[in-house]
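Presented below is the structure to which this report refers.
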Amino acid sequence: MLKVVLAQINPTVGALAENCAKIISYIKRARAKGADIVVFPELSLIGYPPEDLLRKNHFISKSKQFLSSIVRNSRGLIAVIGFVDQEGLNLYNASALIQDGKICDVYRKVILPNYGVFDEKRHFSPGTALSVYNFGNYKFSVTICEDIWQKETVSLLENCDLDFVINISASPFNLGKMSQREKVLAQAARRLKSFIFYANLIGGQDEIVFDGTSKVISPQGKLIACAKRFQEDLLVFNLNRKKNYPTKKIKEEAAVEAFSALKLGLYDYVNKNGFKKVVVGVSGGIDSAVVVSLAVIALGKDNVSALLMPSVFTSDATYRDAKKICESLGIKYYIVKINDILNAYFKDLSAHFKGKKPDITEENLQARIRGNILMAFSNKFDYLVLNTGNKSEVSCGYCTLYGDMVGGFGVLKDVPKLLVYKLAQQINKISSKKVIPDSVIKRPPSAELKSNQKDTDSLPDYKLLDAILKFYVEDDLSLEEIVAKGYNKAVVRRVITMVDSNEYKRRQAPVGIKITPRALGKDRRMPITNKFSQ
């Protein structure tokens, strides 16, 4: 019997000393559990993705020093560590196989992904050979992330008669990703007729969230052991080639998964970047209600403040709800009425705007006043401003530059509007009391920048809009392909035009958490100057 331990850790990019100490502590824990092999995720020593830190030679040199420290602390077992290897001018995404206090071999990742959030060909050279190792009566291979996703790579191991394959990974979360991974790993396990040990990162890194969910797959392609989701964990597995292991199942629920990803992404962004407290502009609408509630759950109520900034267009109902939300959460909130500031703008601009009818200019002034107030509180009290814009609005440009687009972190940036409502229900479900009132969930959404305004004055109904946006933004379907699915051509063209003409706004939006297969930003990079017509 062989005891394999998967160390699912949350490293911080560039925090070499901290990551090294964490790895050594997990090695000690694995050793105490009698581990024969302990496995760490991809690039766990330096964090993932390191991006242009890899251009700094002294960063690479220092990482090697910390790897040496790990090697010295790895006696008594085999440790598989993700790190950056270097040969001449070439860098490699690599794993070190450490045994008895020395590096026995280094494997270099063969398949370098270069799509979506991945940019590995920018920095790394590909390895040229797969690995095969022997340990006692066991024969195994070490692969890195994308290596096991590609059939041609897996086929090269088919005739090696392996007992198991170790795959160290930094696979980001998105909705549906867990079942996608299991399918890929199951196919590889069946082809190789071997166990697969999959060790994945957890944690938030800028817009990316890693969910962990490290696992063991049987030679029959069945999930037989799984680490926790969105948490650090130490998965201990006793490998017995003759044992018939029971199959496990993990349920995927969009709202539950999105909630966990947003909570972890927000917590790590705040803490890894050295912030202590955050502030949210709470309007009484669904988006700000979800963001401020998530912040309290992730960070604690003492670390969250709210700003209520009513104007003459703010209804009594939304104003009451905004206060009710803050009071239910038990957070400090400030009330700054913007009417006097808005009137001062009108007065000073009236001579210049003479002869012009009121339009979106006056609406945007309100949003920009609120943005300025939020940033003033950020400067004065060292608050990180959490942006509350959702993916549906941001996709269509239904947002104001330097207004409601301000902030240091966009919690809902990749969350479609309909999912925001599900998140509100999930928050109420797990809370000891209903913190988001039914009136907020049921009220037709409105920016409240003019009398009797509704989002549907400017946008299609969100049930229709979110469906079209998924086809266009995530699936890259054309106008005609979307229309062929039964949608009105004029409506589809209108949505596409809004999306295409507002790329310049999205480029200036705060970084935000990715939860869908194709987020705006690193996943979807469109030219601002673009005359291609749908």
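By convention here, the chains of the structure tokens are called A, B, ... in the order presented, each chain's residues are numbered starting at 1, and ligands are numbered starting at 1 in the order presented.
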Could you go through region 271-488 of chain A and tell me which residues DSSP, when run on the backbone, assigns to strand (DSSP E), listing them as an MDAnalysis selection string?
chainID A and resid 277:281 304:308 332:335 383:387 409:410
Please list as a ChimeraX atom specification every residue within 8 Å of Glu51 (chain A), counting only C-alpha atoms and excluding residues in the same chain fewer than 2 positions away.
/A:49,53-54,119,123
Using CA of Tyr245 (chain A) and CA of Asn134 (chain A) as the two end points, give the distance in Å to one decimal.
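Answer for the CA of Tyr245 (chain A) to CA of Asn134 (chain A) separation: 23.7 Å.
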What is the distance, in Å and to one decimal place, between CA of Phe118 (chain A) and CA of Pro50 (chain A)?
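Pair CA of Phe118 (chain A) / CA of Pro50 (chain A) returns 10.8 Å.
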What's the 7 Å shell around Pro11 (chain A), counting only C-alpha atoms, without same-chain residues fewer than 5 positions away, as an MDAnalysis selection string?
chainID A and resid 19 44 47
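Nearest residue to Asn387 (chain A) among A:Asp287, A:Asp52, A:Glu448, A:Glu257 is A:Asp287, counting only C-alpha atoms.
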Selection: 6 Å around region 403-407 of chain A, only C-alpha atoms, excl. self and same-chain fewer than 2 positions, as a PyMOL selection string:
chain A and resi 367-368+371+385-387+400-401+409
Region 422-534 of chain A near region 169-186 of chain A within 7 Å: what's each residue's closest atom pair and its distance in Å to one decimal, counting only C-alpha atoms, ordered by chain then ascending residue number, as a tab-separated table?
```
residue	atom	partner	partner_atom	distance
A:Ile515	CA	A:Asn174	CA	4.4
A:Thr516	CA	A:Asn174	CA	4.9
A:Pro517	CA	A:Asn174	CA	5.5
```
Keeping only C-alpha atoms, write the selected residues as a compact mmCIF listing (two decimals), in the first residue's frame.
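Generated output (selection38.txt):
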```txt
# COMPACT_ATOMS: atom_id res chain seq x y z
CA ILE A 515 -16.69 33.10 -12.53
CA THR A 516 -17.97 32.41 -16.06
CA PRO A 517 -16.14 30.53 -18.83
```
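Candidate residues A:Leu77, A:Ala7, A:Val282, A:Ile297 were compared for distance to Ile430 (chain A), and the nearest is A:Ile297, using only C-alpha atoms.
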Identify, with DSSP run on backbone atoms, the residues in region 277-455 of chain A assigned to alpha helix (DSSP H), and express the list as a PyMOL selection string.
chain A and resi 286-299+316-329+339-350+360-381+391-396+417-430+438-442
Shell of 8 Å around region 505-508 of chain A, only C-alpha atoms, local chain residues under 5 positions omitted, as a ChimeraX atom specification:
/A:394-395,397,401,520-521
Got a sec: who's within 12 Å of Ala15 (chain A), counting only C-alpha atoms, leaving out chain neighbours fewer than 6 positions off, as a ChimeraX atom specification?
/A:21-22,44-48,50,53,59,62-63,66,272-273
What's the 8 Å shell around Val117 (chain A), counting only C-alpha atoms, without same-chain residues fewer than 3 positions away, as a list in words?
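After dropping sequence-adjacent residues, the list is Asn114, Lys522 and Asp523 of chain A.
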Expressed in Å, the length from CA of Ser288 (chain A) to CA of Gly389 (chain A) is 8.3 Å
